[in-house]
Amino acid sequence: MARSRKIPAGRRDFLKSVVAGAATLAAAPAEAQPAQPVEERASRAMPLLPPVVESDPPADAEVLNLDRSGSDFMVDVIKSLGIEYVCSVAGSSFRALHESVINYGGNKDPEFITCCHEESSVAMAHGYAKIEGKPLCIFAHGTVGLQHAAMAIYNAYCDRVPVYIVIGNNMDATMRDSAYGEWPHSVQDAAAMVRDYVKWDDVPISLQHFAESAVRAYKIAMTLPMAPVLLVADSELQENPIPADAALHIPKLTLAAPPQGDSGSVAEAARLLVQAQNPLIVVDRYARTQKGIDLLVELAETLQAPVIDQAGRMNFPTRHPLNQSSRRNAVVASADVIMGLEATDFWSALNTMHDQVRRTSRPIMKTDAKLISITTGDLYTKSNYQDFYRYTGVDLAMAADAEATLPSLIEETKRLITADRKRAMQDRGAKLASAHDRALEQARTDATYAWNASPVSTARLCSELWAQIKDEDWSLVSILRHFSWWPLRLWPFDKQYQYIGTQGGGGIGYNAPASVGAALANKKHGRFSVSIQDDGDLMFAPLVLWTAAHHRIPLLSVMHNNRAYHEELMHVQRMADRHNRGIDRAHIGTTFEDPNMDFAKLAQSMGVYAEGPITDPNELAPALRRAIAVVKRGEPALVDVVTQPR
Amino acid sequence: MKMKIFRGHSNAAVMGLAMMLCFSAAQVKIAGAAQESKPSAAPAGNAETGKRLFVKNGCYQCHGREGQGSIVTGPRIAPDPVPFDVLSSYVRKPTGEMPPYTAKVVSDQELADIYAFLQSRPHPPAVKDVPLK
């Protein structure tokens, strides 16, 4: 990875050198200078200068120090947006911004968070935004840094999460210094490589332009559907002095109110739902706030309608009797009206796909069921990347924010409910509550199987973990699907910050840094952050453990160490079975054995308290208690558990 | 042996809990088959050999090393497996998401050994005896 070279003389030092060296250079034979090989010139600490006549006024040579440069103003702008942190790997193309944050800005709001990979910087921002509901800032090189960051930006884009990205670039070719690698670190159109998956980008050419674009970018990132935005901060604009006659001002930021469904559509949706024999609500990236969860509870209870949670966000309490997520097939098959709220992949909630030699699909829903959709997804779709999922033909579509639309929908629904309908709804609710209780008991029974097995069962891991954290103000900051969704099946989730959904684009290397970012957001709230960490994912971004240790970010990471890219192992197995070849070689390229990875030692080497590998399930609870004590002191800790595959 | 796997992290990672739970249907189907079928005598099998084969043939990948199952990948198949002939016919010609295992890959005798291993798995503790609430 090319990085800024640690050469003592910087660009401004170079200007200073002009003063000291001007006379000497003026005396040098002019014809000797261009004869040197390019390589040799590039390696010189001091670039060649044109001959200077003693009588010429050395205009640049007068500039030895600056009181304020453009980067100071840029930090003023960033501060005005309420951004708490900048996650970054240091880089020369934004060295002025870096220095302005830590000195001029006092390294507070934003505070500079030292990262070891730009992908982790962005994934930390992803996790942070899931908790805090707003972006933090990323600094990166416009070329190599952004290239590293790209996959994490894609994850955030697919997950409709705001990330505020500022990249350095050297636009003026005559100001690029090869000694610093500034030619390969410069680019005509820096944002081009990520433009398919950022919502907006700009290249400001003046400080006032920067101010206006920075505020605009923040507003766009936070306007639903949210997504990453990107600004290019030209290095000359950062480093040059603020012009004396500059009349700079920072525009006012006013976030756009979320769009609500129109009254006619809301009334029609309420009519369909109230008249339905078996209405159903499907949610995915629905709840933005705790209010959103509360509103969904109110709507579901008003209708006594089951809720299927596709788990893109913390949407609906797991122990609520109307939560029927474990009975998807049954409730979808019986529904006559199905309403999707920010249901990103509505089609897959209503159909199944069969992964055999010839892929087929079949509907689960009734063919005459009415479909309602309320989603901001209808407001924003791009072409190239296919994260919009299969098209679902619906009967009523509102291009609106579901959370903002629910108050009027609830009001209209209540207005339409008659006494007869209310009795029918109560009967329906009682049956659903009974089914919910049976499903919970089934989950508990399922969890007891392989209880004493070694490697440790994922159900045992989640159960032992729950026993240790249930009295904390906990926040589970990891994806869950790789261990059979046990927490959502067994733990009582009811607060918005207790679950942060998935990684959006499915890019590995998300969970470790996103959990650290979410823990960073939880820190000021005094919450106990816990992550169940996949081994394969951690190996993409292990250095984020150092970031957590360095910045004293309290986070308990419990390894789900199944020693494989297990999903891929199953894929290779499927292909081998399909070809009737046996699976003796399916481990090639998919498993992490010979040698086993020692995640405790890895974490310890980063300054993180760690134990393991644990293979005996009876050793798990004591290890968790010790690690929790460390986290409650304000530091990260890791417990490596060798686990069953899923 | 398994009932279903998902098609890749990039796809499956965005699937929600509800979609993963489609296995409950497959699990019910297998369990139902067990109840409706008359028990048939399984051919003699060696549980120790079966344990090795259970891993070698990747059965554990979806059903867990104890056959405990997962709502994400495949149903529980131990410690009380469905009758041998039900299991055997399903393994050879699965109707759900499980990939087929022909006799070329897993012989009848090997299947019997695996079956013996599944039967040998210990029963779980009672819910009230573990920290689940």
# chains A, B, ... in the order shown; residues from 1 in each chain; ligands from 1

$ closest_atom_pairs --of "chain A" --to "chain B" --cutoff "6 Å" --atoms "only C-alpha atoms" --output "JSON lines"
{"residue": "A:Gln310", "atom": "CA", "partner": "B:Gly16", "partner_atom": "CA", "distance": 3.8}
{"residue": "A:Ala311", "atom": "CA", "partner": "B:Gly16", "partner_atom": "CA", "distance": 4.9}
{"residue": "A:Ser325", "atom": "CA", "partner": "B:Ala18", "partner_atom": "CA", "distance": 4.8}
{"residue": "A:Ser326", "atom": "CA", "partner": "B:Leu21", "partner_atom": "CA", "distance": 5.8}
{"residue": "A:Arg328", "atom": "CA", "partner": "B:Ala18", "partner_atom": "CA", "distance": 5.6}
{"residue": "A:Thr448", "atom": "CA", "partner": "B:Pro124", "partner_atom": "CA", "distance": 5.5}
{"residue": "A:Tyr449", "atom": "CA", "partner": "B:Pro124", "partner_atom": "CA", "distance": 5.0}
{"residue": "A:Ala450", "atom": "CA", "partner": "B:Glu66", "partner_atom": "CA", "distance": 5.9}
{"residue": "A:Ser463", "atom": "CA", "partner": "B:Leu132", "partner_atom": "CA", "distance": 5.5}
{"residue": "A:Ser484", "atom": "CA", "partner": "B:Val72", "partner_atom": "CA", "distance": 5.5}
{"residue": "A:Gly506", "atom": "CA", "partner": "B:Ser10", "partner_atom": "CA", "distance": 4.0}
{"residue": "A:Arg574", "atom": "CA", "partner": "B:Pro99", "partner_atom": "CA", "distance": 5.9}
{"residue": "A:Gly582", "atom": "CA", "partner": "B:Val105", "partner_atom": "CA", "distance": 5.2}

$ select_by_dssp --residues "stretch 252-458 of chain A" --states "alpha helix (DSSP H)" --output "ChimeraX atom specification"
/A:263-275,290-303,328-334,346-350,402-416,419-448,458

$ residues_around --residues "A:Met226" --least-positions-apart "4" --cutoff "12 Å" --atoms "only C-alpha atoms" --output "PyMOL selection string"
chain A and resi 126+129-130+133-135+156-164+197-200+217-222+255-256+258+285+288+376-377+379-380+401

$ closest_residue --among "A:Pro110, A:Pro243, A:Gly429, A:Gly181" --to "A:Thr302" --atoms "only C-alpha atoms"
A:Gly429

$ select_by_dssp --residues "stretch 70-297 of chain A" --states "strand (DSSP E or B)" --output "JSON, numbers by chain"
{"A": [85, 86, 87, 88, 111, 112, 113, 114, 137, 138, 139, 140, 141, 164, 165, 166, 167, 168, 169, 200, 201, 202, 229, 230, 231, 232, 233, 234, 241, 279, 280, 281, 282, 283]}

$ atom_distance --atom1 "atom CA of B:Leu118" --atom2 "atom CA of A:Arg460"
20.0 Å

$ closest_residue --among "A:Phe346, A:Ile113, A:Thr174, A:Glu239" --to "A:Arg68" --atoms "only C-alpha atoms"
A:Glu239

$ residues_around --residues "A:Val307" --least-positions-apart "2" --cutoff "7 Å" --atoms "only C-alpha atoms" --output "tab-separated table (two decimals) with N, CA and C atoms, in the first residue's frame"
chain	number	residue	atom	x	y	z
A	280	LEU	N	-51.10	-8.85	7.17
A	280	LEU	CA	-49.74	-9.18	7.59
A	280	LEU	C	-48.85	-7.96	7.32
A	281	ILE	N	-47.92	-7.70	8.24
A	281	ILE	CA	-46.96	-6.61	8.08
A	281	ILE	C	-45.56	-7.20	7.95
A	282	VAL	N	-44.86	-6.84	6.88
A	282	VAL	CA	-43.48	-7.29	6.66
A	282	VAL	C	-42.56	-6.07	6.76
A	305	ALA	N	-52.41	-7.67	13.96
A	305	ALA	CA	-51.82	-8.25	12.75
A	305	ALA	C	-50.43	-8.80	13.06
A	309	ASP	N	-40.42	-9.88	10.61
A	309	ASP	CA	-39.27	-8.97	10.63
A	309	ASP	C	-38.13	-9.59	9.83
A	322	LEU	N	-47.22	-10.57	18.76
A	322	LEU	CA	-47.54	-10.47	17.34
A	322	LEU	C	-46.30	-10.63	16.46
A	323	ASN	N	-45.14	-10.80	17.08
A	323	ASN	CA	-43.94	-11.08	16.29
A	323	ASN	C	-44.00	-12.55	15.85
A	324	GLN	N	-44.20	-12.73	14.57
A	324	GLN	CA	-44.38	-14.08	14.01
A	324	GLN	C	-43.27	-14.40	13.02
A	325	SER	N	-42.09	-13.82	13.26
A	325	SER	CA	-40.99	-14.00	12.31
A	325	SER	C	-40.59	-15.46	12.15

$ atom_distance --atom1 "atom CA of A:Val274" --atom2 "atom CA of A:Gln496"
27.7 Å

$ residues_around --residues "B:Ala47" --least-positions-apart "6" --cutoff "9 Å" --atoms "only C-alpha atoms" --output "VMD selection string"
chain B and resid 112 to 120

$ write_last_selection --atoms "C-alpha atoms" --output "PDB file, in the first residue's frame"
ATOM      1  CA  ALA B 112     -26.046 -47.114   7.945  1.00  0.00           C
ATOM      2  CA  ASP B 113     -22.943 -46.147   9.899  1.00  0.00           C
ATOM      3  CA  ILE B 114     -24.008 -42.501   9.842  1.00  0.00           C
ATOM      4  CA  TYR B 115     -27.447 -43.533  10.996  1.00  0.00           C
ATOM      5  CA  ALA B 116     -25.923 -45.416  13.910  1.00  0.00           C
ATOM      6  CA  PHE B 117     -23.970 -42.308  14.840  1.00  0.00           C
ATOM      7  CA  LEU B 118     -27.117 -40.178  14.792  1.00  0.00           C
ATOM      8  CA  GLN B 119     -28.904 -42.672  17.021  1.00  0.00           C
ATOM      9  CA  SER B 120     -26.020 -42.601  19.468  1.00  0.00           C
TER      10      SER B 120
END

$ atom_distance --atom1 "atom CA of B:Phe84" --atom2 "atom CA of A:Arg646"
25.0 Å

$ closest_residue --among "A:Arg358, A:Pro279, A:Leu350, A:His579" --to "A:Ala335" --atoms "only C-alpha atoms"
A:Pro279
